[in-house]
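Engineer: As input, take my_file-v7.txt (compact mmCIF, C-alpha atoms):
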```txt
# COMPACT_ATOMS: atom_id res chain seq x y z
CA MET A 1 -23.95 -16.31 66.18
CA ALA A 2 -27.43 -17.35 65.46
CA THR A 3 -28.23 -20.20 67.80
CA THR A 4 -31.99 -20.23 67.32
CA TYR A 5 -33.99 -21.19 64.27
CA THR A 6 -35.57 -17.71 64.07
CA GLY A 7 -32.09 -16.18 64.15
CA LEU A 8 -31.03 -18.38 61.24
CA LEU A 9 -34.27 -17.70 59.37
CA THR A 10 -33.90 -13.89 59.49
CA ARG A 11 -30.29 -14.21 58.30
CA GLY A 12 -31.43 -16.61 55.56
CA LEU A 13 -34.03 -14.09 54.37
CA ALA A 14 -31.45 -11.27 54.46
CA ALA A 15 -28.86 -13.35 52.58
CA GLY A 16 -31.52 -14.48 50.08
CA GLY A 17 -32.64 -10.90 49.48
CA ILE A 18 -29.06 -9.73 48.90
CA ALA A 19 -28.14 -12.68 46.64
CA GLY A 20 -31.48 -12.31 44.81
CA LEU A 21 -30.83 -8.62 44.18
CA ALA A 22 -27.33 -9.42 42.91
CA ALA A 23 -28.82 -12.10 40.61
CA GLY A 24 -31.44 -9.55 39.51
CA LEU A 25 -28.68 -7.14 38.52
CA VAL A 26 -27.00 -9.92 36.51
CA SER A 27 -30.42 -10.45 34.87
CA LEU A 28 -30.74 -6.74 34.09
CA PHE A 29 -27.26 -6.17 32.66
CA VAL A 30 -26.27 -9.61 31.31
CA VAL A 31 -29.25 -11.89 30.61
CA GLU A 32 -31.40 -9.16 29.04
CA VAL A 33 -28.89 -8.78 26.17
CA PRO A 34 -29.53 -12.23 24.60
CA ILE A 35 -33.23 -12.01 25.60
CA ARG A 36 -33.52 -8.86 23.45
CA ALA A 37 -31.82 -10.70 20.56
CA ALA A 38 -34.22 -13.66 20.97
CA LEU A 39 -37.27 -11.36 21.02
CA ALA A 40 -36.03 -9.83 17.76
CA VAL A 41 -36.07 -13.35 16.27
CA GLU A 42 -39.61 -13.84 17.60
CA GLU A 43 -40.76 -10.53 16.08
CA ALA A 44 -39.18 -11.36 12.71
CA ARG A 45 -41.03 -14.69 12.79
CA ALA A 46 -44.36 -13.01 13.62
CA ALA A 47 -43.82 -10.46 10.85
CA ALA A 48 -43.18 -13.25 8.34
CA GLU A 49 -46.33 -15.11 9.43
CA HIS A 50 -48.57 -12.04 9.22
CA VAL A 51 -47.33 -10.98 5.83
CA GLU A 52 -50.93 -10.86 4.43
CA GLY A 53 -51.55 -7.75 6.50
CA ASP A 54 -53.60 -9.33 9.26
CA ALA A 55 -53.16 -6.65 11.92
CA HIS A 56 -54.83 -8.67 14.65
CA GLU A 57 -51.81 -9.15 16.91
CA HIS A 58 -52.53 -10.52 20.38
CA ALA A 59 -52.04 -7.66 22.82
CA GLU A 60 -49.12 -8.00 25.24
CA LEU A 61 -50.16 -7.85 28.91
CA PHE A 62 -47.06 -5.98 29.96
CA SER A 63 -44.64 -3.64 28.24
CA ARG A 64 -41.03 -4.76 27.77
CA GLY A 65 -39.90 -2.38 30.51
CA THR A 66 -42.32 -3.92 33.00
CA GLN A 67 -41.19 -7.43 32.07
CA VAL A 68 -37.53 -6.47 32.53
CA LEU A 69 -38.44 -5.13 35.98
CA GLY A 70 -40.39 -8.37 36.58
CA GLY A 71 -37.23 -10.31 35.75
CA VAL A 72 -35.29 -8.46 38.47
CA LEU A 73 -38.18 -8.79 40.93
CA ALA A 74 -38.49 -12.54 40.19
CA ALA A 75 -34.84 -13.00 41.20
CA VAL A 76 -35.39 -11.06 44.46
CA VAL A 77 -38.59 -12.95 45.40
CA VAL A 78 -37.04 -16.32 44.51
CA GLY A 79 -33.94 -15.24 46.49
CA LEU A 80 -36.05 -14.58 49.59
CA ALA A 81 -37.83 -17.94 49.18
CA VAL A 82 -34.64 -19.98 48.70
CA GLY A 83 -33.02 -17.98 51.53
CA ALA A 84 -35.74 -19.18 53.92
CA LEU A 85 -35.39 -22.75 52.57
CA PHE A 86 -31.60 -22.58 52.84
CA ALA A 87 -31.71 -21.46 56.49
CA THR A 88 -34.20 -24.23 57.31
CA ILE A 89 -32.08 -26.91 55.63
CA PHE A 90 -28.95 -25.49 57.29
CA ALA A 91 -30.66 -25.73 60.70
CA TYR A 92 -31.62 -29.35 60.03
CA THR A 93 -28.20 -30.51 58.79
CA ARG A 94 -26.53 -32.90 61.18
CA ARG A 95 -23.85 -34.30 58.86
CA TRP A 96 -22.83 -31.45 56.55
CA PHE A 97 -19.12 -30.78 57.33
CA THR A 98 -19.87 -30.69 61.04
CA ASP A 99 -16.17 -30.32 61.89
CA ARG A 100 -15.86 -27.07 59.92
CA GLN A 101 -16.58 -23.42 60.64
CA PRO A 102 -20.11 -22.11 59.90
CA PHE A 103 -18.83 -20.01 56.97
CA PHE A 104 -17.33 -23.08 55.28
CA ARG A 105 -20.49 -25.10 55.94
CA SER A 106 -22.71 -22.40 54.46
CA ALA A 107 -20.50 -21.73 51.43
CA THR A 108 -20.26 -25.45 50.54
CA LEU A 109 -24.02 -25.88 51.05
CA GLY A 110 -24.60 -22.97 48.65
CA LEU A 111 -22.20 -24.55 46.15
CA ALA A 112 -24.00 -27.91 46.45
CA ALA A 113 -27.38 -26.18 46.01
CA PHE A 114 -26.08 -24.46 42.86
CA GLY A 115 -24.86 -27.83 41.54
CA VAL A 116 -28.15 -29.59 42.24
CA ALA A 117 -30.73 -26.88 41.52
CA ALA A 118 -29.02 -25.03 38.66
CA LEU A 119 -25.93 -26.65 37.11
CA LEU A 120 -27.30 -30.20 36.89
CA PRO A 121 -30.55 -29.23 35.08
CA ALA A 122 -28.58 -26.70 32.98
CA ILE A 123 -26.35 -29.52 31.66
CA LYS A 124 -29.20 -31.86 30.71
CA TYR A 125 -31.94 -29.31 29.96
CA PRO A 126 -30.14 -26.05 29.15
CA ALA A 127 -32.08 -22.82 29.58
CA ASN A 128 -33.73 -21.48 26.45
CA PRO A 129 -34.49 -17.85 25.59
CA PRO A 130 -37.99 -16.79 24.48
CA ALA A 131 -38.96 -18.04 20.98
CA VAL A 132 -37.45 -21.52 21.46
CA GLY A 133 -39.74 -23.63 23.66
CA ASP A 134 -42.73 -25.51 22.23
CA PRO A 135 -45.84 -24.61 24.34
CA THR A 136 -47.29 -28.13 23.87
CA THR A 137 -44.34 -29.80 25.63
CA VAL A 138 -43.96 -27.32 28.51
CA ASN A 139 -45.52 -29.63 31.13
CA TYR A 140 -43.35 -32.58 30.06
CA ARG A 141 -40.23 -30.37 30.08
CA THR A 142 -41.14 -29.00 33.53
CA GLY A 143 -41.58 -32.55 34.83
CA LEU A 144 -38.17 -33.62 33.52
CA TYR A 145 -36.53 -30.47 34.94
CA LEU A 146 -38.04 -30.85 38.42
CA GLY A 147 -37.44 -34.62 38.39
CA LEU A 148 -33.74 -34.10 37.69
CA ILE A 149 -33.48 -31.55 40.53
CA VAL A 150 -35.16 -33.98 42.96
CA ALA A 151 -32.82 -36.77 41.82
CA GLY A 152 -29.88 -34.39 42.32
CA ILE A 153 -31.04 -33.60 45.87
CA VAL A 154 -31.07 -37.35 46.58
CA VAL A 155 -27.48 -37.64 45.25
CA ALA A 156 -26.29 -34.68 47.40
CA PHE A 157 -27.98 -36.17 50.47
CA GLY A 158 -26.48 -39.58 49.67
CA ALA A 159 -22.98 -38.10 49.27
CA SER A 160 -23.26 -36.41 52.67
CA TYR A 161 -24.50 -39.66 54.22
CA LEU A 162 -21.69 -41.66 52.58
CA ALA A 163 -19.09 -39.20 53.89
CA SER A 164 -20.40 -39.64 57.43
CA ARG A 165 -20.40 -43.45 57.05
CA LEU A 166 -16.78 -43.42 55.82
CA GLY A 167 -15.62 -41.46 58.88
CA HIS A 168 -13.10 -44.19 59.76
CA LEU A 169 -11.12 -43.57 56.54
CA ALA A 170 -8.35 -40.99 56.22
CA ALA A 171 -9.71 -37.66 54.93
CA PRO A 172 -8.04 -37.78 51.44
CA VAL A 173 -9.31 -41.34 50.86
CA ARG A 174 -12.80 -40.39 52.08
CA VAL A 175 -12.96 -37.28 49.88
CA THR A 176 -11.83 -39.28 46.82
CA ALA A 177 -14.35 -42.04 47.49
CA VAL A 178 -17.26 -39.60 47.97
CA LEU A 179 -16.29 -37.58 44.87
CA LEU A 180 -16.04 -40.74 42.73
CA ALA A 181 -19.42 -41.98 43.96
CA THR A 182 -20.98 -38.55 43.28
CA VAL A 183 -19.52 -38.33 39.76
CA ALA A 184 -20.78 -41.87 39.03
CA ALA A 185 -24.28 -41.08 40.33
CA VAL A 186 -24.50 -37.79 38.37
CA THR A 187 -23.27 -39.52 35.18
CA ILE A 188 -25.97 -42.19 35.58
CA LEU A 189 -28.64 -39.48 36.11
CA LEU A 190 -27.53 -37.59 32.99
CA LEU A 191 -27.66 -40.82 30.95
CA VAL A 192 -30.97 -42.12 32.35
CA PHE A 193 -33.01 -38.90 32.03
CA PRO A 194 -34.58 -38.52 28.55
CA ALA A 195 -33.26 -35.92 26.10
CA PRO A 196 -35.10 -32.57 25.91
CA PRO A 197 -38.06 -33.02 23.53
CA ASP A 198 -37.82 -29.71 21.62
CA ALA A 199 -35.61 -29.05 18.64
CA VAL A 200 -34.18 -25.53 18.57
CA PRO A 201 -35.86 -23.60 15.70
CA ALA A 202 -33.57 -23.00 12.74
CA ASP A 203 -34.07 -19.22 12.83
CA MET A 204 -32.54 -18.97 16.33
CA PRO A 205 -28.81 -18.12 15.97
CA SER A 206 -26.67 -20.49 18.03
CA SER A 207 -24.66 -17.52 19.34
CA VAL A 208 -27.82 -16.03 20.90
CA LEU A 209 -28.72 -19.43 22.32
CA TRP A 210 -25.33 -19.93 23.99
CA ASP A 211 -24.99 -16.34 25.16
CA PHE A 212 -28.34 -16.79 26.84
CA ARG A 213 -27.46 -20.15 28.41
CA LEU A 214 -24.18 -18.88 29.86
CA ALA A 215 -25.84 -15.66 31.06
CA SER A 216 -28.60 -17.68 32.72
CA LEU A 217 -25.99 -19.84 34.43
CA ALA A 218 -24.21 -16.68 35.63
CA GLU A 219 -27.47 -15.52 37.20
CA THR A 220 -28.22 -18.82 38.99
CA ALA A 221 -24.58 -19.04 40.15
CA THR A 222 -24.85 -15.52 41.59
CA LEU A 223 -28.06 -16.48 43.36
CA TRP A 224 -26.97 -19.79 44.94
CA ILE A 225 -23.25 -19.27 45.54
CA GLY A 226 -23.96 -15.69 46.68
CA LEU A 227 -26.59 -17.01 49.08
CA GLY A 228 -24.13 -19.50 50.63
CA LEU A 229 -21.42 -16.85 51.00
CA VAL A 230 -23.62 -14.07 52.44
CA PHE A 231 -25.43 -16.45 54.81
CA GLY A 232 -22.03 -17.76 55.94
CA LEU A 233 -20.81 -14.21 56.61
CA LEU A 234 -23.96 -13.41 58.58
CA ILE A 235 -23.89 -16.48 60.83
CA ASP A 236 -20.18 -17.09 61.43
CA PRO A 237 -19.10 -15.68 64.81
CA ALA A 238 -15.53 -15.45 63.46
CA VAL A 239 -16.62 -12.50 61.25
CA ARG A 240 -17.80 -10.55 64.26
CA LYS A 241 -14.72 -11.41 66.29
CA THR A 242 -12.36 -10.11 63.61
CA LYS A 243 -14.42 -6.95 63.35
CA THR A 244 -14.27 -6.41 67.11
CA LYS A 245 -10.52 -7.01 67.04
CA ALA A 246 -10.08 -4.56 64.16
CA ASN A 247 -12.20 -2.00 66.01
CA ALA A 248 -10.14 -2.49 69.13
CA LYS A 249 -6.96 -2.11 67.12
CA SER A 250 -8.11 1.09 65.44
CA ALA A 251 -9.25 2.41 68.82
CA VAL A 252 -5.77 1.75 70.20
CA ALA A 253 -4.18 3.38 67.15
CA ALA A 254 -6.37 6.45 67.60
CA MET B 1 -16.76 -37.86 65.82
CA THR B 2 -16.75 -34.07 65.47
CA SER B 3 -16.29 -31.16 67.79
CA PRO B 4 -19.74 -30.08 68.96
CA ALA B 5 -18.46 -26.62 69.87
CA LEU B 6 -18.31 -25.56 66.22
CA THR B 7 -21.83 -26.64 65.38
CA PRO B 8 -24.20 -26.20 68.26
CA SER B 9 -27.25 -28.36 67.67
CA ILE B 10 -30.07 -26.00 66.79
CA ALA B 11 -33.56 -26.86 67.96
CA VAL B 12 -35.80 -26.59 64.91
CA PRO B 13 -39.43 -25.79 65.78
CA LYS B 14 -42.26 -27.66 64.08
CA TRP B 15 -43.40 -24.54 62.21
CA ALA B 16 -40.14 -24.64 60.25
CA PHE B 17 -42.01 -27.05 57.96
CA ALA B 18 -44.59 -24.34 57.30
CA VAL B 19 -41.79 -21.87 56.46
CA ALA B 20 -40.22 -24.35 54.03
CA LEU B 21 -43.62 -25.08 52.47
CA LEU B 22 -44.44 -21.37 52.11
CA ALA B 23 -41.02 -20.76 50.51
CA LEU B 24 -41.66 -23.58 48.01
CA ILE B 25 -45.13 -22.19 47.20
CA VAL B 26 -43.73 -18.68 46.62
CA ALA B 27 -41.01 -20.07 44.33
CA TRP B 28 -43.66 -22.15 42.53
CA VAL B 29 -45.95 -19.16 41.93
CA VAL B 30 -43.11 -17.03 40.55
CA LEU B 31 -41.44 -19.73 38.45
CA GLN B 32 -44.01 -22.38 37.54
CA GLU B 33 -47.64 -21.43 38.17
CA ASN B 34 -49.44 -21.81 34.88
CA GLY B 35 -53.05 -21.89 36.06
CA VAL B 36 -53.28 -24.80 38.51
CA ALA B 37 -53.79 -22.66 41.63
CA LEU B 38 -54.46 -19.13 40.43
CA GLY B 39 -56.60 -19.81 37.35
CA ALA B 40 -56.81 -16.81 35.04
CA THR B 41 -54.59 -14.65 37.27
CA ALA B 42 -51.75 -17.04 36.47
CA GLU B 43 -51.47 -15.55 32.99
CA THR B 44 -50.77 -12.13 34.55
CA VAL B 45 -48.22 -13.55 37.01
CA HIS B 46 -46.63 -15.59 34.22
CA GLU B 47 -46.23 -12.61 31.89
CA PHE B 48 -44.94 -10.29 34.62
CA PHE B 49 -42.23 -12.71 35.75
CA HIS B 50 -41.64 -14.00 32.20
CA ASP B 51 -38.07 -12.68 31.84
CA GLY B 52 -37.23 -14.01 35.30
CA ARG B 53 -38.45 -17.50 34.45
CA HIS B 54 -36.35 -17.68 31.31
CA ALA B 55 -33.32 -16.10 32.98
CA LEU B 56 -33.40 -18.53 35.92
CA GLY B 57 -33.43 -21.47 33.49
CA VAL B 58 -36.97 -22.69 34.16
CA PRO B 59 -38.72 -24.41 31.23
CA CYS B 60 -41.10 -22.00 29.52
CA HIS B 61 -43.07 -21.89 26.28
```
Translate this structure into structure tokens?
Structural biologist:
Amino acid sequence: MATTYTGLLTRGLAAGGIAGLAAGLVSLFVVEVPIRAALAVEEARAAAEHVEGDAHEHAELFSRGTQVLGGVLAAVVVGLAVGALFATIFAYTRRWFTDRQPFFRSATLGLAAFGVAALLPAIKYPANPPAVGDPTTVNYRTGLYLGLIVAGIVVAFGASYLASRLGHLAAPVRVTAVLLATVAAVTILLLVFPAPPDAVPADMPSSVLWDFRLASLAETATLWIGLGLVFGLLIDPAVRKTKTKANAKSAVAA
Amino acid sequence: MTSPALTPSIAVPKWAFAVALLALIVAWVVLQENGVALGATAETVHEFFHDGRHALGVPCH
């Protein structure tokens, strides 16, 4: 069991790398399918605009193959970064299911991180494939997106705090109260935050749009929930104990 | 309130803040940097990680 911060940090980086690679594979085999469809829409649009034969296309910096590789690499690098963050937050937590095993604590923290950093913004500001976003509103959209994540972090922190304050209540009552308060807070956030400013262009098929949004959610779920599970496996002494027992058993059998 | 045996209190060194900050900066460069810190290089970073940004649900043009 990792009992030092450095021990947790190395395991966080390892778990982040593994979860990031898994998310990268989801990107490669799942998210790239609707991205290709969206790029076809973009190309058709460009062809229609340059119908007068103006051959002066702006040169692409990278080939499609390189960008696909960049998509996988982005997931791995982001995985390492959130792995380090996750380990640090895990080390700081003083209230997060303190009466449970490390694996449970890590898995639920990963689930909460997915809810706050991916699912919440995906509900209010769903991911868009290339050829949808308006470049002039990108800073406003980024602000809304990050603002909602920060607000979600506050809600998660508040829920954890509330649970610790309601320690005198029976567990089922406490869980119900915390869940109700969380649902109420999330509903208020979703109502208060302004609608996304961009309209989806008419030439983007809604099937491509939704395939992309679900695929994107699959990738972020792999990243965050995978991170919580792998980190939990790496830090929980129970995993090692079972392994030792199994080894001992097989040694006896042999 | 809870059994301390299951969750030994871990001493977090001060430099953990630097680790968290570095992790946030790395995530920022990959997912958000549009020229604030890297200037013209940002365009290169942006285009290389372009698929990743979209796929991870980050707002993009």
Engineer: Would you mind telling me which residue in B:Trp15, B:Val36, B:Val26, B:Asp51 lies nearest to Gly79 of chain A when using all atoms listed in the file?
Structural biologist: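 Nearest candidate to Gly79 of chain A out of B:Trp15, B:Val36, B:Val26, B:Asp51: B:Val26.
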Engineer: When you draw a straight line from atom CA of Ala202 of chain A to atom CA of Pro59 of chain B, how long is it in Å?
Structural biologist: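 Between atom CA of Ala202 of chain A and atom CA of Pro59 of chain B the gap is 19.2 Å.
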Engineer: Report the closest atom pair, with its distance in Å rounded to one decimal, for each residue of chain B that has an atom no farther than 7 Å from chain A; count all atoms listed in the file, sort by chain and then rising residue number, and write it as a Markdown table.
Structural biologist:
```
| residue | atom | partner | partner_atom | distance |
| --- | --- | --- | --- | --- |
| B:Thr2 | CA | A:Asp99 | CA | 5.2 |
| B:Ser3 | CA | A:Asp99 | CA | 6.0 |
| B:Leu6 | CA | A:Gln101 | CA | 6.2 |
| B:Thr7 | CA | A:Thr98 | CA | 6.3 |
| B:Ile10 | CA | A:Thr4 | CA | 6.1 |
| B:Ala11 | CA | A:Tyr5 | CA | 6.8 |
| B:Val12 | CA | A:Tyr5 | CA | 5.7 |
| B:Ala16 | CA | A:Thr88 | CA | 6.6 |
| B:Ala20 | CA | A:Leu85 | CA | 5.3 |
| B:Ala23 | CA | A:Ala81 | CA | 4.5 |
| B:Leu24 | CA | A:Ala81 | CA | 6.9 |
| B:Val26 | CA | A:Ala81 | CA | 6.5 |
| B:Ala27 | CA | A:Val78 | CA | 5.5 |
| B:Val30 | CA | A:Ala74 | CA | 6.5 |
| B:Glu47 | CA | A:Leu61 | CA | 6.9 |
| B:Phe48 | CA | A:Gly70 | CA | 5.3 |
| B:Phe49 | CA | A:Gly70 | CA | 4.8 |
| B:His50 | CA | A:Gln67 | CA | 6.6 |
| B:Asp51 | CA | A:Gly71 | CA | 4.6 |
| B:Gly52 | CA | A:Gly71 | CA | 3.7 |
| B:His54 | CA | A:Pro129 | CA | 6.0 |
| B:Ala55 | CA | A:Ser216 | CA | 5.0 |
| B:Leu56 | CA | A:Ser216 | CA | 5.8 |
| B:Gly57 | CA | A:Ala127 | CA | 4.4 |
| B:Val58 | CA | A:Ala127 | CA | 6.7 |
| B:Pro59 | CA | A:Thr142 | CA | 5.7 |
| B:Cys60 | CA | A:Val138 | CA | 6.1 |
| B:His61 | CA | A:Pro135 | CA | 4.3 |
```
Engineer: Give me, as a PyMOL selection string, all polymer residues having an atom no more than 12 Å from Leu191 of chain A, counting all atoms listed in the file and skipping those fewer than 4 positions away in the same chain.
Structural biologist: chain A and resi 123-124+148+184-187+195
Engineer: With all atoms listed in the file as the basis for distance, which of A:Phe231, A:Phe29, A:Trp224, A:Trp96 is at the shortest distance from Gly158 of chain A?
Structural biologist: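 With all atoms listed in the file as the atom set, the closest residue is A:Trp96.
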Engineer: For segment 225-228 of chain A, take all atoms listed in the file, fit an axis-aligned box around them, add 4 Å to each of the six sides, then output centre and edge lengths in Å rounded to one decimal, as AutoDock Vina command-line options.
Structural biologist:
```
--center_x -24.9 --center_y -17.6 --center_z 48.1 --size_x 11.3 --size_y 11.8 --size_z 13.1
```
Engineer: Quick check, in Å to one decimal: how far apart do atom CA of Ser206 of chain A and atom CA of Ala46 of chain A lie?
Structural biologist: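 Answer for the atom CA of Ser206 of chain A to atom CA of Ala46 of chain A separation: 19.7 Å.
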Engineer: Do you have the atom CA of Ala22 of chain A-atom CA of Phe114 of chain A distance handy?
Structural biologist: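 Here the two named atoms are 15.1 Å from each other.
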